[in-house]
Each structure stands twice: as structure tokens, then as C-alpha cells.
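Containing mmCIF, C-alpha atoms: upload.cif.
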```
data_my_file
#
loop_
_atom_site.label_atom_id
_atom_site.label_comp_id
_atom_site.auth_asym_id
_atom_site.auth_seq_id
_atom_site.Cartn_x
_atom_site.Cartn_y
_atom_site.Cartn_z
CA MET A 299 -26.86 102.86 -33.52
CA ASN A 300 -25.35 100.98 -36.48
CA ARG A 301 -22.99 99.23 -34.10
CA VAL A 302 -25.87 98.00 -31.89
CA ILE A 303 -27.82 96.73 -34.92
CA SER A 304 -24.71 94.91 -36.21
CA ILE A 305 -24.17 93.24 -32.83
CA ILE A 306 -27.83 92.16 -32.66
CA ILE A 307 -27.72 90.71 -36.19
CA LEU A 308 -24.47 88.90 -35.37
CA CYS A 309 -25.97 87.41 -32.20
CA ILE A 310 -29.10 86.24 -34.02
CA GLY A 311 -26.93 84.60 -36.69
CA ILE A 312 -24.88 82.81 -34.05
CA LEU A 313 -27.98 81.61 -32.21
CA LEU A 314 -29.49 80.23 -35.42
CA ASN A 315 -26.32 78.27 -36.21
CA VAL A 316 -25.70 76.90 -32.72
CA ASP A 317 -27.87 73.81 -33.23
CA ALA A 318 -27.14 73.49 -36.95
CA GLN A 319 -24.29 71.01 -36.51
CA THR A 320 -23.01 68.83 -33.75
CA PHE A 321 -19.37 68.05 -33.16
CA THR A 322 -19.60 64.66 -34.82
CA GLN A 323 -21.47 66.08 -37.79
CA ARG A 324 -18.73 68.67 -38.29
CA ILE A 325 -16.07 65.95 -38.25
CA GLN A 326 -18.02 63.82 -40.71
CA GLY A 327 -18.50 66.71 -43.13
CA HIS A 328 -17.42 66.19 -46.72
CA ALA A 329 -14.74 68.41 -48.22
CA ALA A 330 -13.56 68.24 -51.82
CA GLY A 331 -10.21 66.49 -52.24
CA GLN A 332 -10.19 65.03 -48.72
CA GLY A 333 -11.11 61.68 -47.27
CA THR A 334 -14.25 60.95 -45.34
CA VAL A 335 -14.68 60.25 -41.65
CA THR A 336 -17.38 57.90 -40.39
CA ILE A 337 -18.19 57.71 -36.69
CA HIS A 338 -20.21 54.87 -35.17
CA GLN A 339 -21.13 55.50 -31.56
CA ASP A 340 -23.72 54.73 -28.93
CA GLU A 341 -26.44 57.27 -28.22
CA ALA A 342 -25.07 57.83 -24.72
CA ILE A 343 -21.69 58.76 -26.17
CA ASP A 344 -23.40 61.07 -28.66
CA ARG A 345 -25.14 62.85 -25.79
CA LEU A 346 -21.89 63.11 -23.87
CA VAL A 347 -19.85 64.43 -26.80
CA ASN A 348 -22.40 66.76 -28.33
CA GLU A 349 -24.24 67.84 -25.18
CA ALA A 350 -27.41 68.01 -27.21
CA LYS A 351 -30.86 66.50 -26.94
CA LEU A 352 -30.92 62.90 -28.06
CA SER A 353 -34.14 63.42 -29.99
CA SER A 354 -32.55 66.01 -32.29
CA HIS A 355 -29.76 63.56 -33.20
CA ALA A 356 -31.83 60.39 -33.34
CA ALA A 357 -32.87 61.16 -36.90
CA SER A 358 -29.30 61.63 -38.13
CA PRO A 359 -27.69 58.43 -39.44
CA ALA A 360 -24.29 59.48 -38.07
CA ALA A 361 -25.51 59.27 -34.47
CA LYS A 362 -26.89 55.73 -34.75
CA PRO A 363 -24.42 52.87 -34.66
CA THR A 364 -24.70 50.31 -37.42
CA THR A 365 -24.93 46.63 -36.65
CA PRO A 366 -21.25 45.80 -37.43
CA ALA A 367 -20.05 48.71 -35.32
CA THR A 368 -22.26 47.62 -32.45
CA ALA A 369 -20.89 44.10 -32.70
CA THR A 370 -17.34 45.45 -32.78
CA ALA A 371 -18.00 47.64 -29.73
CA LYS A 372 -19.51 44.72 -27.83
CA THR A 373 -16.57 42.52 -28.82
CA GLY A 374 -14.17 45.21 -27.56
CA GLU A 375 -16.07 45.47 -24.29
CA LYS A 376 -16.07 41.69 -23.94
CA LYS A 377 -12.30 41.55 -24.53
CA ALA A 378 -11.73 44.25 -21.91
CA GLN A 379 -13.88 42.34 -19.40
CA GLU A 380 -12.02 39.10 -20.16
CA LYS A 381 -8.70 40.87 -19.66
CA GLU A 382 -9.83 42.17 -16.27
CA ALA A 383 -11.03 38.69 -15.33
CA ASP A 384 -7.64 37.26 -16.33
CA ASN A 385 -5.90 39.66 -13.97
CA GLU A 386 -8.20 38.76 -11.08
CA GLN A 387 -8.33 34.96 -11.40
CA THR A 388 -6.02 33.11 -9.03
CA ASP A 389 -5.59 29.95 -11.07
CA GLU A 390 -5.23 31.60 -14.48
CA GLN A 391 -2.13 30.40 -16.28
CA LYS A 392 -0.36 32.82 -18.60
CA PRO A 393 2.48 31.44 -20.70
CA THR A 394 5.65 33.52 -20.73
CA GLY A 395 7.28 31.61 -23.58
CA ARG A 396 10.29 30.13 -21.76
CA GLY A 397 8.91 27.06 -20.06
CA THR A 398 7.16 29.10 -17.38
CA TYR A 399 3.81 30.72 -16.80
CA LYS A 400 2.43 33.44 -14.54
CA VAL A 401 -0.10 32.78 -11.79
CA ILE A 402 -1.28 34.59 -8.70
CA GLY A 403 0.78 33.53 -5.71
CA TYR A 404 2.99 34.88 -2.93
CA ARG A 405 6.45 36.33 -2.47
CA VAL A 406 8.22 37.47 0.67
CA GLN A 407 9.24 41.12 0.60
CA ALA A 408 12.48 41.41 2.53
CA PHE A 409 13.14 45.11 1.86
CA ALA A 410 11.22 48.17 0.73
CA GLY A 411 13.17 51.42 0.63
CA GLY A 412 12.88 54.74 -1.12
CA ASN A 413 13.98 55.81 -4.57
CA SER A 414 17.52 56.94 -3.74
CA ARG A 415 20.82 55.42 -4.82
CA LYS A 416 21.45 54.35 -1.21
CA ASP A 417 18.14 52.43 -1.15
CA ARG A 418 19.02 50.72 -4.44
CA GLN A 419 22.39 49.63 -3.09
CA GLN A 420 20.78 48.38 0.11
CA ALA A 421 18.16 46.40 -1.83
CA GLU A 422 20.87 44.82 -4.00
CA HIS A 423 23.01 44.04 -0.94
CA ILE A 424 20.06 42.35 0.80
CA GLY A 425 19.25 40.44 -2.40
CA ASN A 426 22.84 39.17 -2.70
CA SER A 427 22.87 38.18 0.98
CA ILE A 428 19.64 36.18 0.59
CA ARG A 429 20.90 34.54 -2.64
CA SER A 430 23.99 33.33 -0.81
CA GLN A 431 21.91 31.85 2.03
CA PHE A 432 19.14 30.29 -0.09
CA ILE A 433 20.72 28.88 -3.25
CA GLY A 434 18.16 28.12 -5.94
CA VAL A 435 15.48 30.42 -4.51
CA PRO A 436 14.69 33.29 -6.91
CA VAL A 437 15.37 36.77 -5.52
CA TYR A 438 13.92 39.83 -7.26
CA VAL A 439 15.45 43.27 -6.76
CA HIS A 440 13.67 45.93 -8.77
CA PHE A 441 12.20 49.40 -8.70
CA HIS A 442 8.48 49.29 -8.01
CA SER A 443 7.55 52.96 -8.10
CA PRO A 444 8.24 54.85 -5.88
CA ARG A 445 10.65 52.50 -4.07
CA TRP A 446 13.32 49.85 -4.43
CA ILE A 447 12.16 46.46 -3.23
CA CYS A 448 13.66 43.03 -2.72
CA ARG A 449 11.29 40.06 -2.93
CA VAL A 450 12.05 36.40 -2.51
CA GLY A 451 10.53 33.25 -3.99
CA ASN A 452 7.56 32.11 -6.04
CA TYR A 453 5.13 30.42 -3.67
CA ARG A 454 1.75 29.03 -4.67
CA THR A 455 0.45 28.84 -1.09
CA TYR A 456 0.59 31.20 1.84
CA GLU A 457 2.05 28.47 4.04
CA GLU A 458 5.12 28.07 1.79
CA ALA A 459 5.68 31.82 1.85
CA HIS A 460 5.26 31.87 5.62
CA GLN A 461 8.12 29.36 6.02
CA MET A 462 10.42 31.68 4.03
CA LEU A 463 9.18 34.65 6.06
CA LEU A 464 10.24 32.94 9.29
CA SER A 465 13.65 32.10 7.82
CA LEU A 466 14.21 35.71 6.72
CA ARG A 467 13.15 37.06 10.10
CA ASN A 468 15.64 34.69 11.74
CA MET A 469 18.32 36.23 9.50
CA GLY A 470 17.46 39.65 10.94
CA TYR A 471 15.08 41.03 8.29
CA ASN A 472 12.34 41.99 10.73
CA GLN A 473 10.50 44.18 8.23
CA ALA A 474 9.91 41.19 5.91
CA THR A 475 6.29 40.61 4.91
CA ILE A 476 4.31 38.34 2.60
CA VAL A 477 2.90 39.98 -0.52
CA LYS A 478 0.35 38.58 -2.96
CA GLY A 479 0.91 39.05 -6.68
CA LYS A 480 1.91 37.42 -9.95
CA ILE A 481 4.60 34.79 -9.63
CA THR A 482 6.50 32.75 -12.21
CA VAL A 483 6.06 28.99 -12.11
CA SER A 484 7.81 26.47 -14.38
CA TYR A 485 5.93 23.79 -16.31
#
```
Just give me the structure of the file as C-alpha cells.
Amino acid sequence: MNRVISIIILCIGILLNVDAQTFTQRIQGHAAGQGTVTIHQDEAIDRLVNEAKLSSHAASPAAKPTTPATATAKTGEKKAQEKEADNEQTDEQKPTGRGTYKVIGYRVQAFAGGNSRKDRQQAEHIGNSIRSQFIGVPVYVHFHSPRWICRVGNYRTYEEAHQMLLSLRNMGYNQATIVKGKITVSY
């Protein structure tokens, strides 16, 4: 009987304290000899983190973002959107610091293998063969997960890349294809 009463009292105590503090309120709690934590967040984030009714947290100052925090969050969002736009724009110029910049263009992929040593050696062999045939044309042999690839050239237009594609196919690289991506162009 005493055990049942103790369990009931314990359960009532737990139920009374369930809504006493949210996660963010616990983090922001003050403890002697320790620093303080201040959290500025949107109401939607507060609902997501605390899984509580928005009305119960609307009165707490910790749940409402202050004006500087809101401005900082909007600035962060704006920077993220600008970064995504930079990656998607075709004429965006990105300096690399050595007299070149990155733009969206085309390369011809002459080889795409697996991730074995044999595939690496084959990619390097194909790259060396192409370098000897087309002096001055950049050839890129690198590991683009999960495979070794060999790509040729930095072409601004599809037509330029197509000319190289035909030349590589005449050399016997029938699996060669044109790929779109970032290329390096000099000033």
C-alpha cells in the first residue's frame, strides 16, 4: 500500500513539473559561478525544439527573438541564398587569386572508372595520352567520389566542347561525353 501511494505521489510530482521548463529555458538557467546562455530564436524553432504550445512560451522573453537577433538571422539567410545563387549563375565570375576565375562551362569527360588502383592508373594513362596529343589543353585527372575521372579542357560554350568530343572519339575514346560544371578561365 505504501509503495502504491509513493508511486502515485511520484507520478503527480512528475506531471506537475513536465511543463515547468522548456529545453531552452533549462539551458538559459542561471547557476552561481557559471556564465549565462542567451538564445534568440524564431517561434517556429521554439515550437520545434520544445514541442510545446506556442502560447505558453509567447510570454517568456527567451522565446521571442530580439530585433538585432532577427536582423542577424535574416542576414544569415540572405547570405545563404546569395551563396546558392552564386553556385547556380552561369556567368558568375569567382576569382581564384592566380589570374584566373571560375565560371560555369563545359569539359569533356574522356574516362570514368571505379575507385580501384587499376582505374586510377588507367585514368592517368588516358590523361597523359591526351596531353601528348593536345599540347596546351588542360587535362584533369582526379578522384570524384566514387570514381576516377579524366576530363579535358575549359570550354565556355557547348560547341567548343563538342569539337573536342569529336577529336577524342576519333582517338578511340568512345565513352567520352560533355559535362557541365565549373571551369577555370584566365583573365
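Residues in contact with A:Pro436 at up to 8 Å, not including ones fewer than 4 positions away on its chain and judged by all atoms listed in the file, are A:Arg429, A:Val450, A:Gly451, A:Asn452.
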- Message: Could you list, as a count of residues only, every residue within 12 Å of stretch 440-448 of chain A, counting only C-alpha atoms and ignoring same-chain residues fewer than 2 positions away?
- Response: 37
- Message: So, with only C-alpha atoms as the atoms that count, which of A:Ile481, A:Ala330, A:Met462, A:Ile343 lies closest to A:Lys400?
- Response: A:Ile481
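Between atom CA of A:Ile310 and atom CA of A:Gln326 there is a distance of 25.9 Å.
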